[in-house]
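One file, query-v8.tsv, carrying TSV, C-alpha atoms and all ligand atoms:
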```
chain	number	residue	atom	x	y	z
A	222	MET	CA	-0.05	-30.27	2.54
A	223	ARG	CA	2.53	-29.28	0.07
A	224	SER	CA	2.48	-32.41	-2.02
A	225	ILE	CA	-1.20	-31.87	-2.73
A	226	LYS	CA	-0.30	-28.63	-4.45
A	227	TYR	CA	2.26	-30.37	-6.58
A	228	PHE	CA	-0.31	-32.94	-7.45
A	229	GLY	CA	-2.69	-30.22	-8.46
A	230	ALA	CA	-0.09	-28.62	-10.66
A	231	ALA	CA	0.92	-31.94	-12.17
A	232	PHE	CA	-2.69	-32.73	-12.84
A	233	VAL	CA	-3.28	-29.47	-14.67
A	234	LEU	CA	-0.20	-30.04	-16.80
A	235	LEU	CA	-1.26	-33.56	-17.59
A	236	ALA	CA	-4.74	-32.40	-18.42
A	237	LEU	CA	-3.35	-29.74	-20.74
A	238	ALA	CA	-1.06	-32.21	-22.45
A	239	TYR	CA	-3.93	-34.59	-22.84
A	240	CYS	CA	-6.22	-32.01	-24.38
A	241	LYS	CA	-3.54	-30.96	-26.83
A	242	SER	CA	-2.58	-34.43	-27.87
A	243	THR	CA	-6.09	-35.72	-28.43
A	244	LYS	CA	-8.72	-33.67	-30.08
A	245	THR	CA	-11.40	-36.15	-29.19
A	246	ASN	CA	-14.39	-35.57	-26.99
A	247	THR	CA	-13.06	-35.80	-23.42
A	248	SER	CA	-16.40	-36.24	-21.72
A	249	SER	CA	-16.44	-39.95	-22.44
A	250	ALA	CA	-13.03	-40.37	-20.82
A	251	SER	CA	-14.13	-39.36	-17.34
A	252	ASN	CA	-15.51	-42.68	-16.28
A	253	ASN	CA	-13.61	-42.52	-13.00
A	254	THR	CA	-13.98	-45.42	-10.67
A	255	ALA	CA	-11.88	-47.15	-8.11
A	256	GLU	CA	-10.41	-49.12	-11.01
A	257	GLU	CA	-8.03	-46.35	-11.74
A	258	THR	CA	-6.02	-46.85	-8.56
A	259	LYS	CA	-4.22	-49.57	-10.47
A	260	MET	CA	-2.30	-46.68	-11.89
A	261	PRO	CA	-0.58	-43.94	-9.95
A	262	ALA	CA	-3.18	-41.42	-10.98
A	263	VAL	CA	-2.85	-37.89	-9.73
A	264	SER	CA	-6.15	-37.43	-7.97
A	265	PHE	CA	-8.50	-39.72	-6.18
A	266	THR	CA	-11.96	-39.47	-4.70
A	267	PRO	CA	-13.11	-42.44	-2.64
A	268	SER	CA	-16.35	-44.07	-3.65
A	269	GLU	CA	-19.39	-43.73	-1.38
A	270	LYS	CA	-18.94	-47.36	-0.52
A	271	GLN	CA	-15.32	-46.98	0.49
A	272	LEU	CA	-16.10	-43.91	2.57
A	273	GLN	CA	-18.91	-45.71	4.37
A	274	ILE	CA	-16.71	-48.67	5.12
A	275	ALA	CA	-14.01	-46.39	6.46
A	276	GLN	CA	-16.45	-44.40	8.59
A	277	THR	CA	-17.92	-47.55	10.05
A	278	ARG	CA	-14.47	-48.67	11.14
A	279	TRP	CA	-12.99	-45.33	12.02
A	280	PRO	CA	-15.71	-42.82	12.88
A	281	ASN	CA	-15.19	-39.31	11.51
A	282	THR	CA	-12.95	-40.42	8.68
A	283	THR	CA	-13.22	-37.89	5.87
A	284	ALA	CA	-13.05	-38.36	2.11
A	285	ASP	CA	-10.09	-36.01	2.18
A	286	GLU	CA	-8.17	-38.27	4.53
A	287	LEU	CA	-8.73	-41.18	2.19
A	288	SER	CA	-7.56	-39.24	-0.82
A	289	GLN	CA	-4.50	-38.20	1.15
A	290	GLY	CA	-3.95	-41.87	1.96
A	291	TYR	CA	-4.13	-42.56	-1.74
A	292	SER	CA	-1.56	-39.85	-2.48
A	293	ILE	CA	0.74	-41.18	0.20
A	294	TYR	CA	0.47	-44.61	-1.33
A	295	THR	CA	1.10	-43.54	-4.89
A	296	THR	CA	4.01	-41.25	-4.05
A	297	ASN	CA	5.84	-43.16	-1.33
A	298	CYS	CA	5.23	-46.80	-2.00
A	299	ASN	CA	6.56	-47.16	-5.51
A	300	LYS	CA	10.13	-46.12	-4.91
A	301	CYS	CA	11.56	-49.60	-4.50
A	302	HIS	CA	8.98	-51.72	-6.25
A	303	VAL	CA	5.83	-51.42	-8.29
A	304	LEU	CA	2.67	-50.14	-6.71
A	305	TYR	CA	0.87	-53.28	-5.67
A	306	ASN	CA	-2.74	-53.65	-6.57
A	307	ILE	CA	-4.57	-53.17	-3.27
A	308	THR	CA	-7.13	-55.87	-3.95
A	309	GLU	CA	-4.38	-58.37	-4.62
A	310	PHE	CA	-3.74	-59.05	-0.93
A	311	GLY	CA	-5.98	-59.79	2.02
A	312	GLU	CA	-6.38	-57.53	5.02
A	313	LYS	CA	-3.98	-59.39	7.30
A	314	LYS	CA	-1.25	-59.30	4.71
A	315	TRP	CA	-1.77	-55.57	4.25
A	316	ILE	CA	-1.65	-54.82	7.96
A	317	HIS	CA	1.56	-56.75	8.18
A	318	GLU	CA	3.09	-55.12	5.10
A	319	ILE	CA	2.09	-51.60	6.12
A	320	SER	CA	3.84	-51.97	9.45
A	321	ASP	CA	6.91	-53.32	7.65
A	322	MET	CA	6.88	-50.75	4.88
A	323	ALA	CA	5.91	-47.53	6.63
A	324	PRO	CA	9.37	-47.20	8.19
A	325	LYS	CA	11.01	-48.03	4.85
A	326	ALA	CA	9.01	-45.23	3.27
A	327	GLU	CA	9.77	-42.99	6.28
A	328	LEU	CA	6.13	-42.23	6.93
A	329	ASN	CA	5.15	-40.54	10.16
A	330	LYS	CA	2.29	-41.78	12.34
A	331	GLU	CA	-0.31	-39.58	10.78
A	332	GLN	CA	0.65	-40.57	7.24
A	333	THR	CA	0.68	-44.21	8.22
A	334	ALA	CA	-2.81	-43.89	9.70
A	335	LYS	CA	-4.18	-42.30	6.52
A	336	LEU	CA	-2.47	-44.87	4.36
A	337	THR	CA	-3.90	-47.68	6.47
A	338	LYS	CA	-7.42	-46.27	6.33
A	339	HIS	CA	-7.24	-45.89	2.58
A	340	ILE	CA	-5.75	-49.29	1.87
A	341	LEU	CA	-8.01	-51.29	4.15
A	342	SER	CA	-11.24	-49.52	3.20
A	343	PHE	CA	-10.40	-49.56	-0.48
A	344	ARG	CA	-9.60	-53.23	-0.28
A	345	GLU	CA	-12.82	-54.02	1.47
A	346	ALA	CA	-14.87	-51.94	-0.95
A	347	ASN	CA	-13.28	-53.53	-3.99
A	348	ALA	CA	-12.14	-56.94	-2.82
A	349	LYS	CA	-12.63	-59.90	-5.01
A	350	PRO	CA	-14.19	-62.81	-3.19
A	351	LYS	CA	-11.77	-64.86	-1.09
A	352	THR	CA	-8.84	-62.48	-0.84
A	353	ASN	CA	-8.98	-62.71	2.90
A	401	LIG	C1	13.04	-48.61	0.72
A	401	LIG	C2	12.36	-49.49	-0.24
A	401	LIG	C3	10.86	-49.72	-0.07
A	401	LIG	C4	9.87	-48.79	0.11
A	401	LIG	C5	9.99	-47.27	0.18
A	401	LIG	C6	8.64	-49.54	0.19
A	401	LIG	N1	8.87	-50.88	0.04
A	401	LIG	FE1	7.48	-52.35	-0.01
A	401	LIG	N2	8.95	-53.74	-0.21
A	401	LIG	C7	10.31	-53.48	-0.25
A	401	LIG	C8	11.05	-54.74	-0.33
A	401	LIG	C9	12.57	-54.86	-0.39
A	401	LIG	C10	10.07	-55.76	-0.35
A	401	LIG	C11	10.28	-57.28	-0.42
A	401	LIG	C12	10.93	-57.83	0.83
A	401	LIG	C13	10.19	-57.51	2.09
A	401	LIG	O1	9.02	-57.90	2.25
A	401	LIG	O2	10.79	-56.86	2.98
A	401	LIG	C14	8.79	-55.11	-0.28
A	401	LIG	C15	7.56	-55.77	-0.28
A	401	LIG	C16	6.32	-55.18	-0.21
A	401	LIG	C17	5.07	-55.90	-0.25
A	401	LIG	C18	4.90	-57.41	-0.36
A	401	LIG	C19	4.68	-57.82	-1.80
A	401	LIG	C20	4.47	-59.32	-1.93
A	401	LIG	O3	4.36	-59.75	-3.10
A	401	LIG	O4	4.38	-60.03	-0.92
A	401	LIG	C21	4.09	-54.97	-0.13
A	401	LIG	C22	2.59	-55.22	-0.14
A	401	LIG	C23	4.72	-53.67	-0.01
A	401	LIG	N3	6.08	-53.84	-0.09
A	401	LIG	C24	4.05	-52.49	0.16
A	401	LIG	C25	4.68	-51.26	0.36
A	401	LIG	C26	3.98	-50.07	0.76
A	401	LIG	C27	2.49	-49.96	1.06
A	401	LIG	C28	4.91	-49.08	0.84
A	401	LIG	C29	4.70	-47.63	1.23
A	401	LIG	C30	4.34	-47.38	2.60
A	401	LIG	C31	6.20	-49.66	0.47
A	401	LIG	N4	6.01	-50.98	0.21
A	401	LIG	C32	7.39	-48.96	0.40
A	401	LIG	C33	10.89	-52.23	-0.27
A	401	LIG	C34	10.24	-51.02	-0.11
```
Show me, as C-alpha cells, the structure contained in the file I just sent.
Ligand code: HEC
Amino acid sequence: MRSIKYFGAAFVLLALAYCKSTKTNTSSASNNTAEETKMPAVSFTPSEKQLQIAQTRWPNTTADELSQGYSIYTTNCNKCHVLYNITEFGEKKWIHEISDMAPKAELNKEQTAKLTKHILSFREANAKPKTN
C-alpha cells in the first residue's frame, strides 16, 4: 500500500527531527504500548493480547492487518473531528459508528474490515471496565 510508504518516510523524517532537537538518550523514550494510539502516531504494532483477541474472533488475522487498520483510522478518521479514543466507547457504539463513518471517510470494504478488526480488538484488549 502506498500510504504505508509515506508513513515510513514521515516516520524517518520525524525520527531525524527528534534526534536533532533532543540530544538526550533516546532508548528510554521507546516505551511503546497501546497507550500511544491516543495520538496519531506514525507506526503501530498490536500487542500480543490484541492480536490474540483478533485471531480468536477472526481467524487468520495478521498483525499487519491490524497495523493497517490503525493507519486507516489515524489517516481517515480525523478529517472532520478529532480522533476518538478507542476505549472511550463500547463495542456496540463502535460497530454503529463504523458503519456510519466508513462511507463518510470513503473507505472500501477491505479498509472497513481492517479498521473494524483493529478498533474492536484494540478496544477489547484495552477496555476499561464497564465500557460495554
Ligand atoms: C466527512 C466527515 C467525517 C469523517 C471523514 C469521519 N467522521 Fe466521524 N463524525 C462526523 C460527524 C459530522 C459526526 C457527528 C454526527 C454524526 O454522528 O453523524 C461524527 C461522529 C463520530 C463518532 C461519534 C462520536 C460521539 O461522541 O458520539 C465517532 C465514534 C466517529 N465519528 C468515528 C469516525 C471514524 C472511525 C471515522 C473514520 C472511518 C470517521 N468518524 C470519519 C464526520 C466525519
List all protein, DNA and RNA residues that have an atom no more than 6 Å from any atom of ligand LIG 401 (chain A), counting all atoms listed in the file, and report them as a PyMOL selection string.
chain A and resi 294+297-298+300-301+318-319+322-323+325-326
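Between atom CA of A:His339 and atom CA of A:Asp321 lies a distance of 16.8 Å.
Each of A:Lys338, A:Ile316, A:Asn329, A:Asn306 was compared to A:Pro267 using all atoms listed in the file, and A:Lys338 turns out to be the nearest.
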Excluding A:Gly290 and any residue of its chain fewer than 2 positions from it, enumerate the residues within 9 Å of it, using all atoms listed in the file, and give them as a list in words.
Asp285, Glu286, Leu287, Ser288, Ser292, Ile293, Tyr294, Thr295, Gln332, Thr333, Ala334, Lys335, Leu336, Thr337, Lys338, His339 and Ile340 of chain A
Between atom CA of A:Pro350 and atom CA of A:Glu312, what is the distance, to one decimal in Å?
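Atom CA of A:Glu312 lies at a distance of 12.5 Å from atom CA of A:Pro350.
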Go through A:Lys349, A:Thr282, A:Glu327, A:Phe343 one by one, measure the shortest atom-to-atom distance of each to A:Ser268 using only C-alpha atoms, and give the residue with the smallest value.
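Counting only C-alpha atoms, the residue closest to A:Ser268 is A:Phe343.
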Atomic distance atom CA of A:Glu269 - atom CA of A:Thr308, expressed in Å with one decimal
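Atom-to-atom, atom CA of A:Glu269 and atom CA of A:Thr308 are spaced 17.4 Å apart.
Among the candidates A:Ser342, A:Ser320, A:Ser264, A:Asn347, the one nearest to A:Gln289 when counting all atoms listed in the file is A:Ser264.
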